[in-house]
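Asker: Handing over start00.txt, compact mmCIF, C-alpha atoms.
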```txt
# COMPACT_ATOMS: atom_id res chain seq x y z
CA MET A 34 -1.79 -9.29 38.99
CA THR A 35 -4.54 -9.95 36.43
CA ASP A 36 -4.28 -12.72 33.84
CA LYS A 37 -4.38 -10.16 31.04
CA LEU A 38 -1.49 -8.19 32.52
CA GLU A 39 0.52 -11.38 32.94
CA ASP A 40 -0.18 -12.32 29.31
CA ASP A 41 0.87 -8.83 28.16
CA ILE A 42 4.14 -9.03 30.09
CA ALA A 43 4.87 -12.53 28.77
CA SER A 44 4.14 -11.39 25.22
CA ALA A 45 6.40 -8.37 25.66
CA ARG A 46 9.28 -10.66 26.60
CA ARG A 47 8.86 -12.91 23.58
CA PRO A 48 11.14 -12.38 20.59
CA VAL A 49 9.35 -10.89 17.59
CA ILE A 50 9.97 -11.12 13.85
CA THR A 51 8.03 -8.46 11.97
CA ILE A 52 6.97 -9.15 8.39
CA MET A 53 5.60 -6.12 6.59
CA HIS A 54 3.69 -5.60 3.37
CA ALA A 55 1.39 -2.98 1.86
CA SER A 56 -2.11 -3.76 0.63
CA VAL A 57 -1.39 -2.52 -2.89
CA GLY A 58 -2.54 -5.51 -4.89
CA SER A 59 -2.46 -9.00 -3.41
CA GLY A 60 1.09 -10.10 -4.18
CA HIS A 61 2.96 -8.26 -1.43
CA LYS A 62 0.66 -9.67 1.25
CA ALA A 63 0.86 -13.19 -0.19
CA ALA A 64 4.66 -13.04 -0.11
CA ALA A 65 4.62 -11.79 3.48
CA GLN A 66 2.30 -14.62 4.51
CA ALA A 67 4.58 -17.13 2.78
CA VAL A 68 7.54 -15.88 4.82
CA ALA A 69 5.45 -16.03 8.00
CA GLN A 70 4.61 -19.68 7.23
CA ALA A 71 8.33 -20.37 6.84
CA VAL A 72 9.10 -18.82 10.25
CA ASP A 73 6.52 -21.11 11.83
CA ARG A 74 7.96 -24.15 10.05
CA LEU A 75 11.48 -23.32 11.20
CA ARG A 76 10.79 -22.70 14.90
CA GLY A 77 13.71 -24.08 16.88
CA GLN A 78 15.86 -24.42 13.74
CA LEU A 79 18.43 -22.23 11.97
CA GLY A 80 18.40 -19.73 14.82
CA VAL A 81 14.63 -19.15 14.83
CA PRO A 82 13.51 -19.02 18.49
CA GLU A 83 11.01 -21.69 19.46
CA ASP A 84 8.78 -19.09 21.12
CA VAL A 85 9.07 -16.41 18.42
CA GLU A 86 6.08 -14.18 17.80
CA VAL A 87 5.39 -13.49 14.12
CA ASP A 88 3.70 -10.18 13.31
CA VAL A 89 2.44 -9.80 9.74
CA LEU A 90 1.60 -6.12 9.31
CA ASP A 91 0.09 -3.94 6.60
CA ILE A 92 2.12 -0.73 6.81
CA LEU A 93 -0.82 1.28 5.50
CA ASP A 94 -2.65 0.51 8.75
CA PHE A 95 -0.02 2.63 10.56
CA GLY A 96 -0.28 5.67 8.29
CA ARG A 97 -1.31 9.07 9.61
CA ILE A 98 -3.47 9.42 6.49
CA LYS A 99 -5.68 6.41 5.77
CA PHE A 100 -6.26 5.36 2.17
CA ASP A 101 -7.17 2.23 0.26
CA GLY A 102 -3.99 0.96 -1.39
CA ASN A 103 -5.82 -1.52 -3.61
CA LYS A 104 -8.10 1.13 -5.06
CA THR A 105 -5.16 3.47 -5.53
CA ALA A 106 -3.27 0.77 -7.43
CA ALA A 107 -6.34 0.01 -9.53
CA SER A 108 -6.47 3.65 -10.65
CA PHE A 109 -3.30 3.03 -12.69
CA THR A 110 -4.90 0.40 -14.93
CA GLY A 111 -6.60 2.63 -17.48
CA ALA A 112 -5.32 5.56 -19.50
CA THR A 113 -2.77 6.32 -16.77
CA ARG A 114 -0.88 3.04 -17.30
CA PRO A 115 1.86 4.62 -19.48
CA ILE A 116 2.43 7.31 -16.82
CA TYR A 117 2.83 4.63 -14.16
CA ASP A 118 5.16 2.71 -16.47
CA ILE A 119 7.46 5.72 -16.91
CA THR A 120 7.43 6.41 -13.18
CA TRP A 121 8.23 2.81 -12.26
CA ARG A 122 10.99 2.42 -14.80
CA TYR A 123 12.86 5.71 -14.40
CA THR A 124 12.37 7.12 -10.89
CA LEU A 125 15.69 6.76 -9.00
CA THR A 126 16.89 3.92 -11.22
CA GLY A 127 19.81 5.75 -12.86
CA ARG A 128 22.86 7.52 -11.42
CA ILE A 129 20.97 9.45 -8.72
CA LEU A 130 19.71 6.91 -6.19
CA TRP A 131 17.75 6.68 -2.94
CA GLY A 132 19.46 5.46 0.21
CA GLY A 133 16.80 5.82 2.92
CA GLY A 134 15.97 8.20 5.76
CA THR A 135 13.73 9.23 8.63
CA GLY A 136 11.54 11.80 6.90
CA TRP A 137 8.75 9.51 5.77
CA SER A 138 8.54 7.68 9.09
CA ARG A 139 8.59 10.75 11.30
CA ILE A 140 5.90 12.58 9.35
CA MET A 141 3.58 9.86 8.09
CA PHE A 142 4.10 6.79 10.27
CA PRO A 143 4.70 7.79 13.92
CA SER A 144 2.49 4.92 15.13
CA PHE A 145 4.91 2.41 13.61
CA ASN A 146 7.70 4.08 15.58
CA ASP A 147 5.61 3.38 18.70
CA TYR A 148 5.28 -0.26 17.61
CA VAL A 149 9.07 -0.58 17.31
CA GLU A 150 9.61 0.99 20.74
CA GLN A 151 7.20 -1.50 22.27
CA LYS A 152 8.03 -4.73 20.38
CA ARG A 153 11.76 -4.17 19.62
CA PRO A 154 11.73 -6.77 16.81
CA LEU A 155 14.59 -9.17 16.17
CA ALA A 156 14.30 -8.44 12.44
CA VAL A 157 12.01 -6.78 9.92
CA ILE A 158 11.29 -8.43 6.57
CA ALA A 159 9.60 -6.10 4.05
CA THR A 160 7.89 -7.12 0.82
CA HIS A 161 6.97 -3.56 -0.24
CA ILE A 162 9.03 -0.40 -0.61
CA THR A 163 6.80 1.66 1.70
CA ALA A 164 7.18 -0.92 4.47
CA ALA A 165 10.95 -1.06 3.95
CA ASN A 166 11.39 2.70 4.10
CA VAL A 167 9.22 3.05 7.19
CA ALA A 168 11.22 0.30 8.91
CA VAL A 169 14.46 2.14 8.09
CA GLY A 170 13.11 5.38 9.49
CA ALA A 171 11.83 3.77 12.68
CA ARG A 172 15.21 2.13 13.29
CA MET A 173 16.94 5.51 13.09
CA ILE A 174 14.37 7.37 15.17
CA CYS A 175 13.94 4.80 17.95
CA ASP A 176 17.57 3.68 18.27
CA VAL A 177 16.37 0.07 18.18
CA ASP A 178 18.74 -1.97 16.06
CA TYR A 179 17.40 -4.76 13.88
CA PRO A 180 18.28 -6.07 10.42
CA ILE A 181 16.00 -5.03 7.58
CA VAL A 182 15.56 -7.61 4.82
CA CYS A 183 13.94 -6.41 1.59
CA VAL A 184 12.09 -8.89 -0.62
CA PRO A 185 11.01 -7.46 -4.00
CA THR A 186 8.06 -9.47 -5.31
CA ASP A 187 8.71 -8.91 -9.03
CA TYR A 188 11.60 -9.70 -11.34
CA GLU A 189 13.19 -6.25 -11.32
CA ILE A 190 13.89 -3.73 -8.58
CA GLU A 191 12.17 -0.38 -8.21
CA GLY A 192 14.20 2.72 -7.42
CA TRP A 193 12.61 3.63 -4.08
CA TRP A 194 13.93 0.67 -2.08
CA PRO A 195 16.23 2.03 0.70
CA HIS A 196 19.40 0.70 -0.90
CA LEU A 197 22.10 1.82 1.54
CA GLU A 198 20.13 1.08 4.71
CA THR A 199 19.01 -2.42 3.74
CA ASP A 200 20.92 -5.22 5.44
CA LEU A 201 19.95 -7.82 2.86
CA PHE A 202 18.12 -7.91 -0.47
CA CYS A 203 16.57 -11.31 -1.20
CA VAL A 204 15.95 -11.28 -4.95
CA GLY A 205 14.54 -13.62 -7.54
CA THR A 206 17.33 -13.77 -10.12
CA GLU A 207 20.91 -12.87 -10.96
CA PHE A 208 19.48 -10.20 -13.28
CA MET A 209 18.13 -8.41 -10.21
CA ALA A 210 21.45 -8.73 -8.40
CA GLU A 211 23.07 -7.03 -11.41
CA THR A 212 20.63 -4.15 -10.97
CA LEU A 213 21.68 -3.68 -7.33
CA ARG A 214 25.45 -3.72 -7.78
CA PRO A 215 25.73 -0.33 -9.59
CA ARG A 216 23.46 1.05 -6.87
CA LYS A 217 26.38 0.35 -4.48
CA VAL A 218 24.64 -2.42 -2.61
CA PRO A 219 27.50 -4.64 -1.32
CA GLU A 220 27.71 -8.21 -2.54
CA SER A 221 27.28 -9.40 1.06
CA CYS A 222 23.88 -7.67 1.10
CA ILE A 223 22.51 -9.54 -1.92
CA LYS A 224 21.18 -13.10 -1.89
CA ILE A 225 19.40 -14.86 -4.74
CA THR A 226 16.58 -16.74 -3.03
CA GLY A 227 13.66 -16.51 -5.43
CA ILE A 228 10.31 -14.91 -4.61
CA PRO A 229 8.46 -16.53 -1.67
CA VAL A 230 5.17 -18.34 -2.27
CA ARG A 231 2.83 -20.13 0.07
CA GLN A 232 3.51 -23.74 0.98
CA GLY A 233 1.97 -26.35 -1.30
CA PHE A 234 2.90 -25.09 -4.76
CA GLU A 235 6.25 -26.88 -4.64
CA VAL A 236 4.72 -30.28 -3.75
CA SER A 237 4.78 -32.64 -6.71
CA GLU A 238 1.23 -33.98 -6.52
CA SER A 239 -0.12 -36.44 -9.04
CA ALA A 240 -1.84 -34.59 -11.88
CA GLU A 241 -4.28 -37.47 -12.22
CA ALA A 242 -5.28 -37.31 -8.55
CA CYS A 243 -5.69 -33.54 -8.69
CA ARG A 244 -7.81 -33.75 -11.81
CA GLU A 245 -10.02 -36.33 -10.13
CA LYS A 246 -10.37 -34.01 -7.12
CA PHE A 247 -11.75 -31.22 -9.32
CA GLY A 248 -13.67 -33.44 -11.73
CA LEU A 249 -11.48 -32.53 -14.71
CA PRO A 250 -10.95 -34.77 -17.77
CA GLN A 251 -7.85 -36.93 -17.69
CA ASP A 252 -7.33 -37.02 -21.46
CA LYS A 253 -7.25 -33.27 -22.19
CA THR A 254 -4.72 -30.46 -21.95
CA ILE A 255 -6.12 -28.49 -19.01
CA VAL A 256 -5.77 -24.72 -19.51
CA LEU A 257 -6.32 -22.42 -16.52
CA VAL A 258 -7.56 -18.93 -17.35
CA LEU A 259 -6.75 -16.75 -14.30
CA ALA A 260 -9.21 -13.95 -14.98
CA GLY A 261 -9.99 -12.45 -11.61
CA ALA A 262 -8.85 -11.12 -8.26
CA SER A 263 -10.28 -9.07 -5.40
CA LEU A 264 -10.60 -6.01 -7.66
CA PRO A 265 -11.86 -6.30 -11.26
CA GLN A 266 -10.25 -3.11 -12.67
CA PRO A 267 -6.81 -4.58 -13.44
CA TYR A 268 -8.50 -7.35 -15.42
CA VAL A 269 -10.70 -5.24 -17.71
CA ARG A 270 -8.41 -5.45 -20.74
CA PHE A 271 -7.41 -9.04 -19.96
CA ARG A 272 -11.06 -10.11 -19.90
CA THR A 273 -11.82 -8.25 -23.13
CA ALA A 274 -9.07 -10.16 -24.92
CA ILE A 275 -10.21 -13.47 -23.41
CA GLU A 276 -13.82 -12.91 -24.50
CA GLN A 277 -12.68 -12.23 -28.05
CA THR A 278 -10.92 -15.60 -27.94
CA ILE A 279 -13.89 -17.65 -26.67
CA PRO A 280 -15.54 -18.33 -30.09
CA PHE A 281 -12.34 -20.07 -31.20
CA LEU A 282 -12.12 -22.46 -28.23
CA ARG A 283 -14.53 -24.94 -29.81
CA GLY A 284 -11.92 -25.82 -32.43
CA LEU A 285 -9.32 -26.73 -29.78
CA GLU A 286 -10.92 -30.07 -28.99
CA ASP A 287 -7.89 -31.53 -27.19
CA MET A 288 -7.88 -28.63 -24.70
CA TYR A 289 -10.20 -28.09 -21.73
CA PHE A 290 -10.43 -24.51 -20.42
CA VAL A 291 -11.05 -23.73 -16.74
CA PHE A 292 -11.98 -20.07 -16.14
CA LEU A 293 -11.27 -18.62 -12.69
CA PRO A 294 -13.05 -15.29 -12.12
CA GLY A 295 -11.90 -15.11 -8.50
CA LYS A 296 -14.41 -13.53 -6.14
CA ASP A 297 -16.20 -11.64 -8.92
CA ALA A 298 -19.63 -13.32 -8.85
CA GLU A 299 -21.05 -11.02 -11.51
CA TYR A 300 -18.34 -11.94 -14.01
CA SER A 301 -18.66 -15.62 -13.09
CA ASN A 302 -22.40 -15.60 -13.86
CA ARG A 303 -21.76 -13.75 -17.10
CA LEU A 304 -19.30 -16.42 -18.25
CA LYS A 305 -21.61 -19.26 -17.29
CA THR A 306 -24.47 -17.67 -19.24
CA LEU A 307 -22.24 -17.09 -22.26
CA PHE A 308 -20.85 -20.65 -22.30
CA GLY A 309 -24.34 -22.10 -21.87
CA ALA A 310 -25.68 -20.10 -24.80
CA MET A 311 -22.73 -21.15 -26.99
CA LYS A 312 -23.05 -24.81 -25.89
CA LEU A 313 -19.28 -25.16 -25.43
CA ASP A 314 -18.39 -28.54 -23.96
CA ASN A 315 -14.66 -27.91 -23.37
CA VAL A 316 -15.01 -25.04 -20.90
CA ARG A 317 -15.87 -24.71 -17.23
CA VAL A 318 -16.16 -21.82 -14.77
CA MET A 319 -14.93 -22.39 -11.23
CA ASP A 320 -15.82 -19.92 -8.53
CA TYR A 321 -13.30 -19.04 -5.82
CA VAL A 322 -10.89 -21.97 -5.32
CA GLU A 323 -9.20 -22.49 -1.96
CA ASP A 324 -6.60 -25.04 -3.07
CA MET A 325 -5.01 -23.24 -5.99
CA ALA A 326 -1.85 -25.30 -5.69
CA ALA A 327 -3.74 -28.55 -6.38
CA LEU A 328 -5.60 -26.97 -9.29
CA MET A 329 -2.31 -25.82 -10.79
CA HIS A 330 -0.89 -29.33 -10.38
CA ALA A 331 -3.94 -30.62 -12.26
CA SER A 332 -3.32 -28.25 -15.17
CA SER A 333 -1.07 -28.23 -18.22
CA LEU A 334 -1.02 -24.52 -19.09
CA ALA A 335 -2.10 -21.18 -17.59
CA ILE A 336 -3.21 -17.94 -19.24
CA LEU A 337 -2.69 -15.01 -16.90
CA LYS A 338 -1.48 -11.46 -16.30
CA SER A 339 2.21 -11.19 -15.46
CA GLY A 340 1.93 -10.35 -11.77
CA GLY A 341 5.03 -11.31 -9.79
CA LEU A 342 3.39 -13.69 -7.30
CA SER A 343 1.07 -15.30 -9.85
CA VAL A 344 3.87 -16.19 -12.24
CA THR A 345 6.08 -17.39 -9.37
CA GLU A 346 3.33 -19.70 -8.14
CA CYS A 347 3.12 -21.12 -11.68
CA LEU A 348 6.90 -21.57 -11.75
CA CYS A 349 6.88 -23.42 -8.43
CA ALA A 350 3.91 -25.57 -9.49
CA GLN A 351 5.70 -26.38 -12.77
CA LEU A 352 2.89 -24.87 -14.83
CA PRO A 353 3.83 -23.31 -18.22
CA MET A 354 2.31 -19.91 -19.01
CA ILE A 355 0.92 -17.63 -21.68
CA LEU A 356 1.14 -14.05 -20.42
CA LEU A 357 -1.71 -12.02 -21.89
CA GLY A 358 -1.87 -8.29 -22.41
CA LYS A 359 0.49 -5.38 -22.91
CA SER A 360 2.60 -5.14 -19.78
CA TYR A 361 3.59 -2.01 -17.86
CA GLY A 362 5.93 -1.29 -14.97
CA GLN A 363 6.85 -4.34 -12.93
CA GLU A 364 4.65 -6.58 -15.08
CA LYS A 365 6.72 -5.60 -18.11
CA ALA A 366 9.85 -6.65 -16.23
CA ASN A 367 8.22 -9.97 -15.32
CA THR A 368 7.19 -10.61 -18.91
CA THR A 369 10.66 -9.81 -20.22
CA MET A 370 12.32 -12.11 -17.69
CA LEU A 371 10.06 -15.10 -18.32
CA THR A 372 10.04 -14.86 -22.10
CA SER A 373 13.81 -14.32 -22.28
CA PHE A 374 14.27 -17.68 -20.54
CA GLY A 375 11.69 -19.35 -22.76
CA ALA A 376 9.64 -20.10 -19.64
CA ALA A 377 6.49 -18.44 -20.98
CA MET A 378 4.85 -17.14 -24.15
CA HIS A 379 3.52 -13.59 -24.46
CA ALA A 380 0.42 -12.51 -26.36
CA THR A 381 -0.58 -8.85 -26.36
CA THR A 382 -3.89 -9.24 -28.24
CA ALA A 383 -6.68 -11.77 -28.67
CA ARG A 384 -5.46 -12.56 -32.18
CA GLU A 385 -1.97 -13.39 -30.87
CA LEU A 386 -3.48 -15.52 -28.10
CA ILE A 387 -5.48 -17.55 -30.62
CA ILE A 388 -2.35 -18.15 -32.70
CA ALA A 389 -0.42 -19.25 -29.59
CA LEU A 390 -3.18 -21.64 -28.48
CA LYS A 391 -3.47 -23.17 -31.94
CA HIS A 392 0.29 -23.69 -31.99
CA LEU A 393 0.32 -25.38 -28.59
CA HIS A 394 -2.73 -27.46 -29.50
CA LYS A 395 -0.94 -28.78 -32.56
CA ASN A 396 2.52 -28.97 -30.91
CA PRO A 397 2.14 -29.96 -27.24
CA GLU A 398 5.88 -30.53 -27.03
CA SER A 399 6.20 -26.72 -26.92
CA ILE A 400 4.43 -26.80 -23.54
CA ARG A 401 6.98 -29.30 -22.26
CA ALA A 402 9.81 -27.09 -23.56
CA MET A 403 8.52 -24.14 -21.50
CA LEU A 404 8.40 -26.37 -18.45
CA ILE A 405 12.04 -27.38 -18.91
CA ASN A 406 13.16 -23.79 -19.49
CA ALA A 407 11.34 -22.59 -16.38
CA ASN A 408 13.53 -24.77 -14.16
CA ALA A 409 16.25 -22.09 -14.43
CA LEU A 410 13.96 -19.68 -12.52
CA ARG A 411 12.17 -22.11 -10.22
CA ARG A 412 13.07 -21.64 -6.53
CA PRO A 413 10.34 -23.29 -4.44
CA SER A 414 12.28 -23.00 -1.14
CA ALA A 415 12.54 -19.20 -1.33
CA ALA A 416 10.58 -18.49 1.86
CA ASP A 417 12.71 -20.85 3.97
CA ASP A 418 15.91 -19.44 2.47
CA ILE A 419 14.83 -15.88 3.27
CA VAL A 420 14.13 -16.75 6.92
CA ALA A 421 17.46 -18.59 7.24
CA ALA A 422 19.37 -15.64 5.76
CA THR A 423 17.52 -13.22 8.04
CA MET A 424 18.43 -15.14 11.19
CA GLN A 425 22.12 -14.99 10.28
CA LEU A 426 21.86 -11.18 10.62
CA VAL A 427 20.12 -11.11 13.99
CA GLY A 428 22.39 -9.85 16.75
CA VAL A 429 25.04 -8.51 14.34
CA ASN A 430 25.42 -4.90 15.46
CA LYS A 431 26.33 -2.28 12.89
CA GLN A 432 27.33 1.35 13.11
CA ARG A 433 24.45 3.23 11.53
CA GLU A 434 24.09 6.88 10.61
CA LYS A 435 20.89 8.90 10.73
CA HIS A 436 19.55 10.75 7.71
CA PHE A 437 16.37 12.70 7.07
CA ALA A 438 16.67 11.80 3.38
CA GLU A 439 19.71 10.27 1.73
CA PHE A 440 20.41 10.53 -1.98
CA TYR A 441 23.69 9.41 -3.53
CA LEU A 442 25.45 8.81 -6.84
CA GLY A 443 25.66 5.30 -8.20
CA GLY A 444 27.44 3.67 -11.10
CA LYS A 445 26.22 3.17 -14.63
CA PRO A 446 22.96 1.15 -14.50
CA ALA A 447 23.46 -2.46 -15.51
CA HIS A 448 20.22 -2.62 -17.48
CA THR A 449 18.57 -0.15 -19.81
CA ARG A 450 14.93 0.20 -19.03
```
Please rewrite the model in this file as structure tokens.
Answerer:
Amino acid sequence: MTDKLEDDIASARRPVITIMHASVGSGHKAAAQAVAQAVDRLRGQLGVPEDVEVDVLDILDFGRIKFDGNKTAASFTGATRPIYDITWRYTLTGRILWGGGTGWSRIMFPSFNDYVEQKRPLAVIATHITAANVAVGARMICDVDYPIVCVPTDYEIEGWWPHLETDLFCVGTEFMAETLRPRKVPESCIKITGIPVRQGFEVSESAEACREKFGLPQDKTIVLVLAGASLPQPYVRFRTAIEQTIPFLRGLEDMYFVFLPGKDAEYSNRLKTLFGAMKLDNVRVMDYVEDMAALMHASSLAILKSGGLSVTECLCAQLPMILLGKSYGQEKANTTMLTSFGAAMHATTARELIIALKHLHKNPESIRAMLINANALRRPSAADDIVAATMQLVGVNKQREKHFAEFYLGGKPAHTR
């Protein structure tokens, strides 16, 4: 018997937890990786097998038709944003609801069915609706029973989650639980855990030490401007508003602005040239930063788009926020949630952002108030709690029906969108 064959047989015998996302933006993958880190931390505890294999999968890699999810998502950042907003808010979020079924899996994702037949996972944790629905279909088709745990990565719940076939929804807030109840999701299938983020954001590091690490002034209000990601398209309007604000930064002498363009070298060079020409001494451009948690701990305030993972990282790092730009779809839900708690401010235009910054510059106690209010939403142990809740479902057999596509009637929606 060859060594490779022996390794394959040993691997096949190992228990597997499958964590699935879709590469549509970066948040779903980041949440999946956070849960995977938690599984590794909890090996040998809370029912997690010591020898468990953790598979973090992009469901789009299993599709019969290959497409770039990030580019597809970016196409809804221009004139089509209102169309996306209507679709996100109203599709299967009323009385007629989606339960789950085999249709999608059988037609579009047969290779994932093969994966399930081979690996027979202990549980599947899904951070994207496509992954969740494919996992439901594979369970019906393959007759391999495993709990499916759905983890929405924003602060409201889209209509295409497979409501009746999900064993557990791990959600960020009670508001989200209220959304699920009229959709006939049993109380036992809802747990308020928070949204999972990578390890490190919850650690209370010394702001002084973190500022020294990055060479930032100790006597200023450090303002992070999160102006970039792997794709620039979603940030076009954000960057336009920020650039209109730049001439006013000179007057905010007690603030020090750190611009993060992500991996966009062209935009980074543009900012550096602009700041050099304007001779601004309270700004700095940092290229891609590995230790974002430490940089957040060094900061006093963040200006960012209202993406679910980004705002949750700020919550866990105890970093108050200004959410910039008109929000659509899930980002609108995130903005509404954070501002309703007083955990963030919202500015839709450059003029509003300037007014907000001047207010905070003159009244720094308002920053501290946002920090206190955010504690109602802060759940830094979300990833560990999700893994613990998942393991309680492993081995609990249920009688399950098979459906090609299941629609059903729910109650009156708890929230008007």
Asker: Of the residues A:Ala350, A:His392, A:Leu130, A:Gly428, which is the one nearest to Leu155 of chain A, using all atoms listed in the file?
Answerer: A:Gly428
Asker: Atom CA of Lys253 of chain A and atom CA of Ser239 of chain A are how many Å apart?
Answerer: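 Between atom CA of Lys253 of chain A and atom CA of Ser239 of chain A the gap is 15.3 Å.
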Asker: Tell me, as a list of chain:residue names, which residues lie within 10 Å of segment 294-310 of chain A, counting only C-alpha atoms; anything in the same chain fewer than 4 positions away does not count.
Answerer: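 My list of contacting residues is A:Val258, A:Leu259, A:Ala260, A:Gly261, A:Ala262, A:Ser263, A:Leu264, A:Pro265, A:Tyr268, A:Arg272, A:Glu276, A:Ile279, A:Pro280, A:Asp314, A:Asn315, A:Val316, A:Arg317, A:Val318, A:Met319, A:Asp320, A:Tyr321, A:Val322.
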Asker: Let's have the selection written as a PDB file, in the coordinates of the input, with C-alpha atoms.
Answerer:
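Wrote it out as out-v8.pdb, contents follow:
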```pdb
ATOM      1  CA  VAL A 258      -7.560 -18.930 -17.350  1.00  0.00           C
ATOM      2  CA  LEU A 259      -6.750 -16.750 -14.300  1.00  0.00           C
ATOM      3  CA  ALA A 260      -9.210 -13.950 -14.980  1.00  0.00           C
ATOM      4  CA  GLY A 261      -9.990 -12.450 -11.610  1.00  0.00           C
ATOM      5  CA  ALA A 262      -8.850 -11.120  -8.260  1.00  0.00           C
ATOM      6  CA  SER A 263     -10.280  -9.070  -5.400  1.00  0.00           C
ATOM      7  CA  LEU A 264     -10.600  -6.010  -7.660  1.00  0.00           C
ATOM      8  CA  PRO A 265     -11.860  -6.300 -11.260  1.00  0.00           C
ATOM      9  CA  TYR A 268      -8.500  -7.350 -15.420  1.00  0.00           C
ATOM     10  CA  ARG A 272     -11.060 -10.110 -19.900  1.00  0.00           C
ATOM     11  CA  GLU A 276     -13.820 -12.910 -24.500  1.00  0.00           C
ATOM     12  CA  ILE A 279     -13.890 -17.650 -26.670  1.00  0.00           C
ATOM     13  CA  PRO A 280     -15.540 -18.330 -30.090  1.00  0.00           C
ATOM     14  CA  ASP A 314     -18.390 -28.540 -23.960  1.00  0.00           C
ATOM     15  CA  ASN A 315     -14.660 -27.910 -23.370  1.00  0.00           C
ATOM     16  CA  VAL A 316     -15.010 -25.040 -20.900  1.00  0.00           C
ATOM     17  CA  ARG A 317     -15.870 -24.710 -17.230  1.00  0.00           C
ATOM     18  CA  VAL A 318     -16.160 -21.820 -14.770  1.00  0.00           C
ATOM     19  CA  MET A 319     -14.930 -22.390 -11.230  1.00  0.00           C
ATOM     20  CA  ASP A 320     -15.820 -19.920  -8.530  1.00  0.00           C
ATOM     21  CA  TYR A 321     -13.300 -19.040  -5.820  1.00  0.00           C
ATOM     22  CA  VAL A 322     -10.890 -21.970  -5.320  1.00  0.00           C
TER      23      VAL A 322
END
```
Asker: Could you jot down the atom CA of Asn146 of chain A to atom CA of Ala171 of chain A separation for me, Å, one decimal place?
Answerer: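 Computing the Euclidean distance for atom CA of Asn146 of chain A and atom CA of Ala171 of chain A yields 5.1 Å.
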Asker: Which residues are near segment 190-206 of chain A? Cut-off 6 Å, all atoms listed in the file, ignore same chain within fewer than 2 positions. Put them as an mmCIF file with C-alpha atoms, in the coordinates of the input.
Answerer:
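As written to disk, around_29.cif reads:
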```cif
data_model
loop_
_atom_site.group_PDB
_atom_site.id
_atom_site.type_symbol
_atom_site.label_atom_id
_atom_site.label_comp_id
_atom_site.auth_asym_id
_atom_site.auth_seq_id
_atom_site.Cartn_x
_atom_site.Cartn_y
_atom_site.Cartn_z
ATOM 1 C CA THR A 124 12.370 7.120 -10.890
ATOM 2 C CA LEU A 125 15.690 6.760 -9.000
ATOM 3 C CA THR A 126 16.890 3.920 -11.220
ATOM 4 C CA GLY A 132 19.460 5.460 0.210
ATOM 5 C CA GLY A 133 16.800 5.820 2.920
ATOM 6 C CA ILE A 162 9.030 -0.400 -0.610
ATOM 7 C CA ASN A 166 11.390 2.700 4.100
ATOM 8 C CA PRO A 180 18.280 -6.070 10.420
ATOM 9 C CA ILE A 181 16.000 -5.030 7.580
ATOM 10 C CA VAL A 182 15.560 -7.610 4.820
ATOM 11 C CA CYS A 183 13.940 -6.410 1.590
ATOM 12 C CA VAL A 184 12.090 -8.890 -0.620
ATOM 13 C CA PHE A 208 19.480 -10.200 -13.280
ATOM 14 C CA MET A 209 18.130 -8.410 -10.210
ATOM 15 C CA CYS A 222 23.880 -7.670 1.100
ATOM 16 C CA ILE A 223 22.510 -9.540 -1.920
ATOM 17 C CA LYS A 224 21.180 -13.100 -1.890
ATOM 18 C CA ILE A 225 19.400 -14.860 -4.740
ATOM 19 C CA THR A 226 16.580 -16.740 -3.030
ATOM 20 C CA GLY A 227 13.660 -16.510 -5.430
ATOM 21 C CA ILE A 228 10.310 -14.910 -4.610
#
```
Asker: Work out how far atom CA of Ala389 of chain A is from atom CA of Thr254 of chain A, in Å to one decimal.
Answerer: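 According to the coordinates, atom CA of Thr254 of chain A and atom CA of Ala389 of chain A are separated by 14.2 Å.
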Asker: Do you know which residues lie at most 12 Å from (7.7, -13.3, 13.5), with coordinates as in the file and all atoms listed in the file counted, and could you write them as a VMD selection string?
Answerer: chain A and resid 47 to 53 65 to 76 81 to 90 152 to 158 420 423 to 424
Asker: Just checking: using only C-alpha atoms, which residue out of A:Pro229, A:Lys99, A:Ile92, A:Ile116 ends up closest to Tyr361 of chain A?
Answerer: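 Checking each candidate against Tyr361 of chain A, we get A:Ile116 as the closest.
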Asker: Counting all atoms listed in the file, figure out which residue out of A:Tyr123, A:Trp137, A:Phe95, A:Phe142 gets nearest to Glu439 of chain A.
Answerer: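 Checking each candidate against Glu439 of chain A, we get A:Trp137 as the closest.
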Asker: For each of A:Thr273, A:Thr382, A:Gln363, A:Asn408, take the minimum atom-to-atom distance to Thr120 of chain A, counting only C-alpha atoms, then give the residue where this is smallest.
Answerer: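 Under the stated criterion, the closest residue is A:Gln363.
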Asker: Identify the residues within 12 Å of coordinate (-8.8, -27.3, -30.8) (same frame as the file), considering all atoms listed in the file, and give the answer as a PyMOL selection string.
Answerer: chain A and resi 253-254+256+279-290+313-316+387-397
Asker: First collect every listed atom of segment 421-424 of chain A; then fit an axis-aligned box around them, widen it by 6 Å on each side, and give centre and edge lengths in Å to one decimal, as JSON.
Answerer:
```
{"center_x": 18.4, "center_y": -15.9, "center_z": 8.5, "size_x": 13.9, "size_y": 17.4, "size_z": 17.4}
```
Asker: Nearest residue to His330 of chain A out of A:Thr278, A:Leu404, A:Ala240, A:Leu386, using all atoms listed in the file?
Answerer: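 Closest to His330 of chain A, using all atoms listed in the file: A:Ala240.
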Asker: For Phe247 of chain A, which residue among A:Ala415, A:Glu220, A:Met329, A:Ile355 is the nearest when counting only C-alpha atoms?
Answerer: A:Met329
Asker: Can you list, as a list in words, every protein, DNA or RNA residue that comes within 7 Å of Leu257 of chain A when you count all atoms listed in the file, leaving out same-chain residues fewer than 6 positions away?
Answerer: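 Contacts, in chain order: Phe290, Val291, Phe292, Ser332, Leu334, Ala335 and Ile336 of chain A.
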